[in-house]
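Data first, discussion second: the structure below is written as structure tokens.
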Amino acid sequence: MPSVPLPPKESNLFKRILKCYEQKQYKNGLKFCKMILSNPKFAEHGETLAMKGLTLNCLGKKEEAYEFVRKGLRNDVKSHVCWHVYGLLQRSDKKYDEAIKCYRNALKLDKDNLQILRDLSLLQIQMRDLEGYRETRYQLLQLRPTQRASWIGYAIAYHLLKDYDMALKLLEEFRKTQQIPPNKIDYEYSELILYQNQVMREADLFQESLEHIETYEKQICDKLIVEEIKGEMLLKLGRLNEAGEVYRELIERNAENWYYYEGLEKALQPSEKFRELMDKFLRVNFSKGCPPLFTTLKSLYYNPEKVSTIQELVTGYEASLKTCDLFSTCENGEKEPPTTLLWVRYFLAQHFDKLGQCSLALDYINAAIASTPTLIELFYLKAKIYKHVGNLKEAAKWMDEAQSLDTADRFINSKCAKYMLRANMVKDAEEMCSKFTREGTSAMENLNEMQCMWFQTECAAAYQRLGKYGDALKKCHEVERHFFEITDDQFDFHTYCMRKMTLRAYVDLLRLEDVLRKHAFYFKAARSAIEIYLKLHDNPLTNESKEQEVNSENLSAKELKKMLSKQRRAQKKAKLEEERKHAERERQQKNQKKKRDEEEEETSGPREELVPEKLERVENPLEEAIKFLIPLKNLIGDDIETHLLAFEIYFRKGKFLLMLQSVKRAFAINSNNPWLHECLIKFSKAVSDHSNLPEIVSKVLTQEMQKIFVNKNLESFNEEFLKHNATSIQHQLSGAKMMYFLDKSRQEKAIAVATRLDKNMRDKNVKTLTKVFEALLDGSFGSCHTQCEEYQAACHKLFPFTSAFMPATNEDDSSIASVNHTAINHDLLSNEI
């Protein structure tokens, strides 16, 4: 039932309530609400009740806010104000779909309300409802045809819908209305011209784009982007000589921009004078001492002939410089300074490290350090070499040495922290980062505030390797929250960018946000979280005290006494650590209380605290894993790992059609993937073991599996896979695992297949051998202690510096510990090797 219209006095008070809300004077707004509602005639006035609720929401009183807004809506369901306010409340609670419904209801009652239309358009672009956004912007254009934002918003809608012709027509019509003299430079007009040109380029109108940029060149502020567009369009049009000239000028202007060199390379014809040019290039850079020289040349290492040429040249320099301080013994001239030999050795260490010849690399870097023991780059490289051979503790030690030479360098500090995390030295890494974080707060908290995701992803991986699943999950959820916040921050730019005419940057922002969770940081965090949740599903955490009671029954009196003493020390240490953390947390909360109160006034209130103990004891780990999986399936569907992780989740949930979907998608990407092979055999066996599947499901599964297995039984399918990949250790390992999985009596044969190290194996590196070693330890082949020791010894001969393969020392489990503390996160190693 509609509210009674307010008389002039109360109507003025209501206007003051709106003004107080706009100016964030919430307490004053509540006073005016009280003045209206205290009058018995208007105690149930719907719009005032709704505004009171909205004001309370801004003060963090969410429950009361919903109560008053709903009450106001019930009292005046025909009021567009009540529906608009309800929409604003839902929007503040991040319920965007519900907010859009409320705005649409408000527009049914007041179809030409500009503010509601603007708010609706913001939510539509935020939710990427582009068709709805176009319709709303059209209504705004009809209502306000003289406003710049009306034209621009409508054009952007067509641009995002890829209707480039209509977008260009709208932009051209709007451009004609701008009264800018040809000789005058106006920034906003310049941005409009450049945005127009961007739409042309995306529509593949290359000739039109070139003519357009040349026509309006004098009126564009950003002269650099003009030249870049010219170069790009000339390349697209095949005018290579002209493009080459443009890119040469750009390189002259900024010699550090790789994009210009790539453009010039496309414009030029290939040269046959590689050795002569490389010789000249290397000599100049070695003489002047250029540390990033190897990084510059690294892209050439895909070509074995070029690698051979580079090696021949540089080893020749090294031999000659040692004897006569010249690049060649056949030359006469000015002698090179001692630093030239230093940089040659530095380069050779990087070169042989890249080729996997780590002993040679260490020899060269040690020789360089012996001659100049104060150069940070040398210790940095030595740490990198140790990382590549799988000795992460030693790598962290040498990176710490590099850091100690310049404690004010943030880059080397971050690298040192990263290496410490790779070696599972979480506490040391936190202390290292604390040198550059804010005083008065813990480094962990400050790094989270700064959204320092490289640290959080590495930290999550370290905790995961250490078996501290709660702490690892906390880091994964923190990263997920960062991505949510970045997505939500778009709201600040929807109106700002149109007002300031930064249209190119705005469209780029929207496109970035659409694929935001494609970022490597999100993928790493999501993968870690999914792996942990799978682990927690397979092996739920039990009560520790009960575990200890069971274990103590099997111990002698002496062992029991030793165990209890160890427990008491651990408890005391844990208690002290907890007290320290509690004191630190209290101090931090006190320091940040004021800041948090201000934030809560503007947002919907504080977020739920992430408690490691709760996170690792969730009721349904698989459902939590799916939350991380969904963005991967939507955005990173071209990565086979996404579908294999999906399979592992659905396999445990017993969802056969979703398992089929996952293996089919993975099969389409790479049918010969070793992990996929394991999934296929597990899937096929699971289907054959379930005889009570619905008929239609069974029929679909049979038809689709026929396409993959082609009438082969699992044993012959596995044997064919092994035969087809006879020179790959990774494939042999997967095939051997499945051999044992299908027939436990073939353990000896399976282990022999997995542990082959003959000269024909092409992927004999730290990463793959560590994977095999882990499989022998984790029970994938049952109990095989003797074979495990033999394999460790064989790997140690091949890679004597790798900590995982070093012989056991004092404790029986040292080999297992060394594996757990080094190379479980294989991708980190494989990216560098």
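Residue numbering restarts at 1 for every chain of the structure tokens, chains are lettered A, B, ... in their displayed order, and ligands are numbered from 1 as they appear.
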
Please provide as a list in words all residues within 12 Å of Val307 (chain A), with the sequence filter that same-chain residues fewer than 2 positions apart are discarded (counting only C-alpha atoms).
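Within the cut-off, the hits are Phe274, Arg275, Met278, Phe294, Leu297, Lys298, Ser299, Leu300, Tyr301, Tyr302, Asn303, Pro304, Glu305, Thr309, Ile310, Gln311, Glu312, Leu313, Val314, Leu348, His351, Phe352, Lys354 and Leu355 of chain A.
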
Do you know which residues are at most 7 Å from Lys382 (chain A) counting only C-alpha atoms, after dropping those on the same chain fewer than 6 positions away, and could you put them as a PDB file with C-alpha atoms, in the first residue's frame?
ATOM      1  CA  LEU A 362      79.851 -24.314 -11.229  1.00  0.00           C
ATOM      2  CA  ILE A 365      81.235 -19.370 -11.584  1.00  0.00           C
ATOM      3  CA  TRP A 398      74.238 -18.632  -1.717  1.00  0.00           C
TER       4      TRP A 398
END

Hey, what's within 6 Å of region 754-759 of chain A if we count only C-alpha atoms and toss same-chain stuff fewer than 5 positions away? As a PDB file with C-alpha atoms, in the first residue's frame, please?
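Final file, out_4.pdb:
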ATOM      1  CA  GLN A 732      57.537 -44.957 -18.496  1.00  0.00           C
ATOM      2  CA  LEU A 733      56.780 -43.935 -14.903  1.00  0.00           C
ATOM      3  CA  ALA A 736      54.717 -48.573 -14.713  1.00  0.00           C
TER       4      ALA A 736
END

Who sits within 9 Å of region 477-492 of chain A, only C-alpha atoms, same chain under 3 positions skipped, as an mmCIF file with N, CA and C atoms, in the first residue's frame:
data_model
loop_
_atom_site.group_PDB
_atom_site.id
_atom_site.type_symbol
_atom_site.label_atom_id
_atom_site.label_comp_id
_atom_site.auth_asym_id
_atom_site.auth_seq_id
_atom_site.Cartn_x
_atom_site.Cartn_y
_atom_site.Cartn_z
ATOM 1 N N LYS A 94 27.346 -7.106 -2.689
ATOM 2 C CA LYS A 94 27.908 -7.847 -3.832
ATOM 3 C C LYS A 94 26.917 -8.808 -4.497
ATOM 4 N N LEU A 122 25.966 0.605 -14.758
ATOM 5 C CA LEU A 122 27.208 0.231 -14.068
ATOM 6 C C LEU A 122 27.210 -1.255 -13.722
ATOM 7 N N LEU A 123 26.076 -1.740 -13.210
ATOM 8 C CA LEU A 123 26.009 -3.165 -12.845
ATOM 9 C C LEU A 123 26.047 -4.054 -14.077
ATOM 10 N N GLN A 126 29.564 -4.267 -15.227
ATOM 11 C CA GLN A 126 30.315 -5.048 -14.230
ATOM 12 C C GLN A 126 30.073 -6.542 -14.411
ATOM 13 N N ASN A 448 50.300 -9.426 2.762
ATOM 14 C CA ASN A 448 48.922 -9.700 2.347
ATOM 15 C C ASN A 448 48.199 -8.394 2.013
ATOM 16 N N GLN A 451 49.040 -7.154 -1.295
ATOM 17 C CA GLN A 451 48.706 -8.110 -2.360
ATOM 18 C C GLN A 451 49.964 -8.644 -3.044
ATOM 19 N N CYS A 452 50.941 -9.014 -2.218
ATOM 20 C CA CYS A 452 52.222 -9.516 -2.732
ATOM 21 C C CYS A 452 52.057 -11.010 -3.041
ATOM 22 N N MET A 453 51.518 -11.300 -4.235
ATOM 23 C CA MET A 453 51.074 -12.664 -4.526
ATOM 24 C C MET A 453 52.208 -13.629 -4.858
ATOM 25 N N GLN A 456 52.908 -15.076 -1.552
ATOM 26 C CA GLN A 456 51.833 -15.927 -1.024
ATOM 27 C C GLN A 456 51.735 -17.260 -1.757
ATOM 28 N N THR A 457 51.945 -17.239 -3.079
ATOM 29 C CA THR A 457 51.894 -18.512 -3.816
ATOM 30 C C THR A 457 53.072 -19.410 -3.457
ATOM 31 N N ALA A 472 48.713 -23.463 4.279
ATOM 32 C CA ALA A 472 48.770 -23.381 2.813
ATOM 33 C C ALA A 472 47.441 -22.901 2.250
ATOM 34 N N LEU A 473 46.346 -23.452 2.768
ATOM 35 C CA LEU A 473 45.020 -23.053 2.282
ATOM 36 C C LEU A 473 44.720 -21.593 2.608
ATOM 37 N N LYS A 474 45.207 -21.130 3.748
ATOM 38 C CA LYS A 474 45.014 -19.720 4.098
ATOM 39 C C LYS A 474 45.628 -18.824 3.031
ATOM 40 N N THR A 495 32.449 5.135 -14.437
ATOM 41 C CA THR A 495 32.055 6.525 -14.721
ATOM 42 C C THR A 495 33.278 7.426 -14.907
ATOM 43 N N TYR A 496 34.326 7.164 -14.141
ATOM 44 C CA TYR A 496 35.521 8.014 -14.191
ATOM 45 C C TYR A 496 36.126 8.046 -15.600
ATOM 46 N N CYS A 497 36.268 6.883 -16.226
ATOM 47 C CA CYS A 497 36.958 6.804 -17.523
ATOM 48 C C CYS A 497 36.177 7.528 -18.618
ATOM 49 N N LEU A 509 41.089 -2.275 -19.658
ATOM 50 C CA LEU A 509 40.794 -2.725 -18.296
ATOM 51 C C LEU A 509 39.675 -3.764 -18.296
ATOM 52 N N LEU A 510 38.594 -3.486 -19.017
ATOM 53 C CA LEU A 510 37.463 -4.428 -19.057
ATOM 54 C C LEU A 510 37.906 -5.786 -19.597
ATOM 55 N N GLU A 513 40.012 -7.593 -16.982
ATOM 56 C CA GLU A 513 39.195 -8.155 -15.901
ATOM 57 C C GLU A 513 38.470 -9.421 -16.350
ATOM 58 N N ASP A 514 38.101 -9.477 -17.647
ATOM 59 C CA ASP A 514 37.397 -10.660 -18.160
ATOM 60 C C ASP A 514 38.245 -11.927 -18.060
ATOM 61 N N LEU A 516 40.997 -12.149 -15.906
ATOM 62 C CA LEU A 516 41.890 -11.891 -14.781
ATOM 63 C C LEU A 516 42.413 -13.177 -14.150
ATOM 64 N N ARG A 517 41.523 -14.141 -13.962
ATOM 65 C CA ARG A 517 41.921 -15.379 -13.277
ATOM 66 C C ARG A 517 42.697 -16.340 -14.172
ATOM 67 N N PHE A 521 49.463 -16.396 -11.065
ATOM 68 C CA PHE A 521 49.323 -16.411 -9.611
ATOM 69 C C PHE A 521 48.040 -17.138 -9.194
ATOM 70 N N TYR A 522 46.935 -16.848 -9.920
ATOM 71 C CA TYR A 522 45.676 -17.516 -9.558
ATOM 72 C C TYR A 522 45.780 -19.014 -9.852
ATOM 73 N N ALA A 525 47.805 -20.755 -7.121
ATOM 74 C CA ALA A 525 47.058 -20.843 -5.863
ATOM 75 C C ALA A 525 45.923 -21.852 -5.980
ATOM 76 N N ALA A 526 45.203 -21.817 -7.105
ATOM 77 C CA ALA A 526 44.077 -22.730 -7.297
ATOM 78 C C ALA A 526 44.556 -24.182 -7.370
ATOM 79 N N ALA A 529 45.491 -25.334 -3.885
ATOM 80 C CA ALA A 529 44.286 -25.538 -3.074
ATOM 81 C C ALA A 529 43.580 -26.834 -3.464
ATOM 82 N N LEU A 610 40.427 -15.929 8.173
ATOM 83 C CA LEU A 610 40.880 -17.230 7.661
ATOM 84 C C LEU A 610 41.689 -17.924 8.747
ATOM 85 N N PHE A 628 37.526 -23.452 -6.551
ATOM 86 C CA PHE A 628 38.764 -23.007 -7.203
ATOM 87 C C PHE A 628 38.835 -23.491 -8.648
#

Set the distance at 12 Å and use only C-alpha atoms: which residues neighbour His212 (chain A) once local chain neighbours fewer than 4 positions away are removed? I'd like the list as a PyMOL selection string.
chain A and resi 172+193-201+205-208+216-220+226+229-230+233

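Between Ser287 (chain A) and the candidates A:Met425, A:Met432, A:Val344, A:Leu235, the tightest atom-to-atom separation, counting only C-alpha atoms, involves A:Val344.
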
Write out as a VMD selection string each polymer residue whose atoms come within 10 Å of Tyr346 (chain A), counting only C-alpha atoms; drop sequence neighbours fewer than 6 positions from it.
chain A and resid 291 293 to 294 340 361 364 to 369 377 to 378 381 to 382

Rounded to one decimal in Å, what is the spacing between CA of Tyr650 (chain A) and CA of His537 (chain A)?
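Rounded to one decimal, the two atoms are 12.2 Å apart.
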
Return as a PyMOL selection string the full set of residues in region 193-299 of chain A whose backbone-based DSSP assignment is alpha helix (DSSP H).
chain A and resi 193-202+206-215+223-236+240-253+258-267+274-288+293-297

With only C-alpha atoms as the basis for distance, which of A:Leu143, A:Cys679, A:Cys358, A:Val697 is at the shortest distance from Lys664 (chain A)?
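Answer, going by the shortest atom-to-atom distance: A:Cys679.
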